[in-house]
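K.L.:
For reference, this is start_37.cif, and it has mmCIF, C-alpha atoms.
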data_coords
loop_
_atom_site.label_atom_id
_atom_site.label_comp_id
_atom_site.auth_asym_id
_atom_site.auth_seq_id
_atom_site.Cartn_x
_atom_site.Cartn_y
_atom_site.Cartn_z
CA MET A 359 34.11 -44.47 -6.97
CA ALA A 360 34.35 -41.08 -8.66
CA GLN A 361 31.93 -40.30 -11.40
CA SER A 362 33.70 -38.56 -14.21
CA PHE A 363 33.04 -37.28 -17.67
CA ASP A 364 35.80 -37.92 -20.17
CA TYR A 365 35.62 -35.34 -22.96
CA GLU A 366 37.76 -37.41 -25.30
CA SER A 367 35.43 -40.43 -25.28
CA ALA A 368 32.20 -38.41 -25.22
CA PRO A 369 29.91 -38.73 -28.23
CA ALA A 370 29.89 -35.75 -30.55
CA SER A 371 26.86 -33.70 -29.59
CA ALA A 372 25.91 -30.12 -28.89
CA GLU A 373 26.02 -30.80 -25.13
CA SER A 374 29.65 -31.96 -25.20
CA GLU A 375 30.65 -28.70 -26.91
CA THR A 376 29.47 -26.56 -23.99
CA SER A 377 31.46 -25.95 -20.84
CA PRO A 378 30.23 -27.23 -17.46
CA LEU A 379 29.44 -23.66 -16.43
CA GLU A 380 27.38 -23.09 -19.56
CA ARG A 381 25.47 -26.30 -18.84
CA LEU A 382 24.88 -25.12 -15.26
CA ALA A 383 23.50 -21.83 -16.57
CA GLU A 384 21.19 -23.71 -18.96
CA ILE A 385 19.90 -25.92 -16.13
CA ALA A 386 19.35 -22.89 -13.93
CA GLN A 387 17.47 -21.14 -16.73
CA ARG A 388 15.25 -24.18 -17.28
CA THR A 389 14.55 -24.28 -13.54
CA VAL A 390 13.49 -20.64 -13.65
CA GLU A 391 11.24 -21.22 -16.65
CA GLU A 392 9.63 -24.35 -15.19
CA THR A 393 9.14 -23.27 -11.58
CA GLY A 394 9.39 -19.49 -11.56
CA LYS A 395 11.92 -19.78 -8.72
CA PHE A 396 15.47 -18.46 -8.72
CA ALA A 397 14.35 -15.29 -10.45
CA ASN A 398 17.79 -13.75 -10.02
CA VAL A 399 20.02 -16.55 -11.31
CA ASP A 400 22.41 -14.00 -12.81
CA ALA A 401 23.32 -12.82 -9.30
CA ILE A 402 24.27 -16.38 -8.34
CA LEU A 403 26.30 -16.92 -11.50
CA ARG A 404 28.35 -13.76 -10.73
CA ILE A 405 29.52 -15.03 -7.32
CA PRO A 406 33.33 -15.27 -7.41
CA VAL A 407 34.95 -18.56 -6.46
CA THR A 408 38.60 -19.42 -5.87
CA MET A 409 39.99 -21.84 -8.43
CA GLN A 410 43.34 -23.55 -7.98
CA VAL A 411 45.30 -26.02 -10.06
CA VAL A 412 47.25 -28.41 -7.86
CA LEU A 413 50.43 -29.72 -9.45
CA GLY A 414 51.15 -31.91 -6.46
CA SER A 415 52.06 -31.82 -2.80
CA ALA A 416 54.85 -32.91 -0.49
CA THR A 417 55.19 -33.63 3.20
CA ILE A 418 58.54 -32.76 4.73
CA PRO A 419 59.79 -32.28 8.29
CA VAL A 420 60.19 -28.73 9.57
CA ALA A 421 63.94 -29.27 9.84
CA ASN A 422 64.16 -29.94 6.09
CA LEU A 423 61.86 -26.99 5.39
CA MET A 424 64.24 -24.71 7.27
CA LYS A 425 67.14 -25.90 5.08
CA LEU A 426 65.41 -24.94 1.83
CA GLY A 427 66.95 -22.11 -0.11
CA ARG A 428 67.06 -20.62 -3.57
CA GLY A 429 67.38 -23.37 -6.17
CA ALA A 430 66.17 -26.15 -3.87
CA VAL A 431 63.94 -28.74 -5.51
CA VAL A 432 61.04 -30.24 -3.57
CA PRO A 433 59.76 -33.45 -5.21
CA LEU A 434 55.97 -33.59 -5.47
CA ASP A 435 53.69 -36.63 -5.31
CA HIS A 436 52.46 -36.16 -8.91
CA ARG A 437 54.60 -37.34 -11.82
CA VAL A 438 55.13 -35.64 -15.16
CA GLY A 439 52.22 -36.46 -17.47
CA GLU A 440 49.73 -37.23 -14.68
CA PRO A 441 46.60 -35.11 -14.60
CA VAL A 442 46.54 -32.13 -12.26
CA ASP A 443 43.61 -31.46 -9.92
CA VAL A 444 41.37 -28.44 -10.49
CA VAL A 445 40.05 -27.31 -7.12
CA VAL A 446 37.21 -24.80 -6.60
CA ASN A 447 36.65 -23.52 -3.07
CA GLY A 448 38.60 -26.46 -1.64
CA ARG A 449 36.81 -29.20 -3.59
CA ILE A 450 38.19 -31.13 -6.58
CA VAL A 451 35.86 -30.47 -9.51
CA ALA A 452 37.97 -31.57 -12.48
CA ARG A 453 41.30 -32.91 -13.66
CA GLY A 454 43.34 -31.80 -16.62
CA GLU A 455 46.63 -31.36 -18.37
CA VAL A 456 48.95 -28.38 -18.08
CA VAL A 457 49.27 -26.57 -21.41
CA VAL A 458 50.96 -23.41 -22.69
CA VAL A 459 48.43 -20.71 -23.55
CA GLU A 460 48.56 -20.13 -27.32
CA GLU A 461 47.98 -16.36 -27.21
CA ASP A 462 50.72 -15.79 -24.61
CA ASN A 463 53.53 -18.34 -24.55
CA SER A 464 54.69 -17.04 -21.17
CA ARG A 465 51.55 -18.37 -19.42
CA PHE A 466 50.29 -21.81 -18.48
CA GLY A 467 46.72 -23.04 -18.61
CA VAL A 468 44.81 -26.24 -17.94
CA SER A 469 43.03 -28.31 -20.55
CA LEU A 470 40.22 -30.13 -18.72
CA THR A 471 40.09 -33.85 -19.43
CA GLU A 472 37.75 -35.05 -16.69
CA ILE A 473 34.90 -33.51 -14.70
CA VAL A 474 34.55 -35.03 -11.23
CA GLY A 475 31.05 -36.20 -10.26
CA PRO A 476 28.66 -34.34 -7.98
CA LEU A 477 29.35 -33.65 -4.31
CA GLY A 478 33.11 -33.79 -4.84
CA GLN A 479 33.25 -37.55 -5.28
CA GLY A 480 36.78 -38.67 -5.92
CA ASP A 481 38.49 -35.95 -3.86
CA THR A 482 40.20 -38.37 -1.53
#
Kindly transcribe the structure held in the file into structure tokens.
P.N.:
Amino acid sequence: MAQSFDYESAPASAESETSPLERLAEIAQRTVEETGKFANVDAILRIPVTMQVVLGSATIPVANLMKLGRGAVVPLDHRVGEPVDVVVNGRIVARGEVVVVEEDNSRFGVSLTEIVGPLGQGDT
């Protein structure tokens, strides 16, 4: 069973106002202060990762793939309104809703609604 954190039902507290990455940085800083290890946490926090938002997927035979052309529609396994998966380095880390970015109406973004538990639980 996936462990998740639902922002909408979370109690109002200072911790729920911080992003998961900010919380990770705070934990890393506490670790440094308590143990003296990880002296260069900033170097770790600057490591780039690949983040993808998966709208859905489809499995089709090669013959049908070869017939695809401009304007073709490939139905995906996710339905409109279902959460999309946020994947970092191949592992599902969160789920969210597709939104239009307020500052630039020509771009999409993702509003996170659920953080998947540790070790990628729930990425079946």
K.L.:
Can you translate the PyMOL selection byres ((chain A and resi 414) around 10) into the concrete residues it hits in this file, as number ranges by chain?
P.N.:
A: 411-413, 415-416, 433-437, 440-443
K.L.:
Rounded to one decimal in Å, what is the spacing between CA of Arg449 (chain A) and CA of Leu382 (chain A)?
P.N.:
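Separation of CA of Arg449 (chain A) and CA of Leu382 (chain A): 17.2 Å.
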K.L.:
Kindly give the distance, in Å, that separates CA of Val446 (chain A) and CA of Leu379 (chain A), rounded to a single decimal.
P.N.:
12.6 Å
K.L.:
Rounded to one decimal in Å, what is the spacing between CA of Phe466 (chain A) and CA of Glu380 (chain A)?
P.N.:
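Taking CA of Phe466 (chain A) and CA of Glu380 (chain A), their separation equals 23.0 Å.
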K.L.:
Using only C-alpha atoms, which of the listed residues (A:Met424, A:Ile418, A:Ala401, A:Leu470) sits closest to Val451 (chain A)?
P.N.:
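Among the listed residues, the smallest separation from Val451 (chain A) belongs to A:Leu470.
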K.L.:
Excluding Asp400 (chain A) and any residue of its chain fewer than 6 positions from it, enumerate the residues within 10 Å of it, using only C-alpha atoms, and give them as a ChimeraX atom specification.
P.N.:
/A:383,386-387
K.L.:
Box for region 463-472 of chain A - axis-aligned, 4 Å on each of the six sides, all listed atoms - centre and size in Å to one decimal, as lines of an AutoDock Vina configuration file.
P.N.:
center_x = 46.2
center_y = -26.0
center_z = -20.6
size_x = 24.9
size_y = 26.0
size_z = 15.9
K.L.:
Between A:Ser377, A:Thr408, A:Pro419, A:Val458, single out the one closest to Ile473 (chain A), counting all atoms listed in the file.
P.N.:
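The answer is A:Ser377, which sits nearest to Ile473 (chain A).
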K.L.:
Name the residues that the PyMOL selection byres ((chain A and resi 457) around 9) pulls out of this structure, and write them as a PyMOL selection string.
P.N.:
chain A and resi 455-456+458-460+465-469
K.L.:
Using all atoms listed in the file, pick whichever of A:Val420, A:Ile450, A:Ile402, A:Val474 has the shortest atom-to-atom distance to Pro378 (chain A).
P.N.:
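The answer is A:Val474, which sits nearest to Pro378 (chain A).
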K.L.:
Taking the file above as input, evaluate the PyMOL selection byres ((chain A and resi 407) around 10) and report the hits as a PyMOL selection string.
P.N.:
chain A and resi 404-406+408-410+446-448
K.L.:
Pull C-alpha atoms from the residues just selected and write them as an mmCIF file, in the frame of the given file.
P.N.:
data_model
loop_
_atom_site.group_PDB
_atom_site.id
_atom_site.type_symbol
_atom_site.label_atom_id
_atom_site.label_comp_id
_atom_site.auth_asym_id
_atom_site.auth_seq_id
_atom_site.Cartn_x
_atom_site.Cartn_y
_atom_site.Cartn_z
ATOM 1 C CA ARG A 404 28.350 -13.760 -10.730
ATOM 2 C CA ILE A 405 29.520 -15.030 -7.320
ATOM 3 C CA PRO A 406 33.330 -15.270 -7.410
ATOM 4 C CA THR A 408 38.600 -19.420 -5.870
ATOM 5 C CA MET A 409 39.990 -21.840 -8.430
ATOM 6 C CA GLN A 410 43.340 -23.550 -7.980
ATOM 7 C CA VAL A 446 37.210 -24.800 -6.600
ATOM 8 C CA ASN A 447 36.650 -23.520 -3.070
ATOM 9 C CA GLY A 448 38.600 -26.460 -1.640
#
K.L.:
From the list A:Glu472, A:Arg381, A:Thr417, A:Ala430, which residue is nearest Leu403 (chain A) when using all atoms listed in the file?
P.N.:
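Answer, going by the shortest atom-to-atom distance: A:Arg381.
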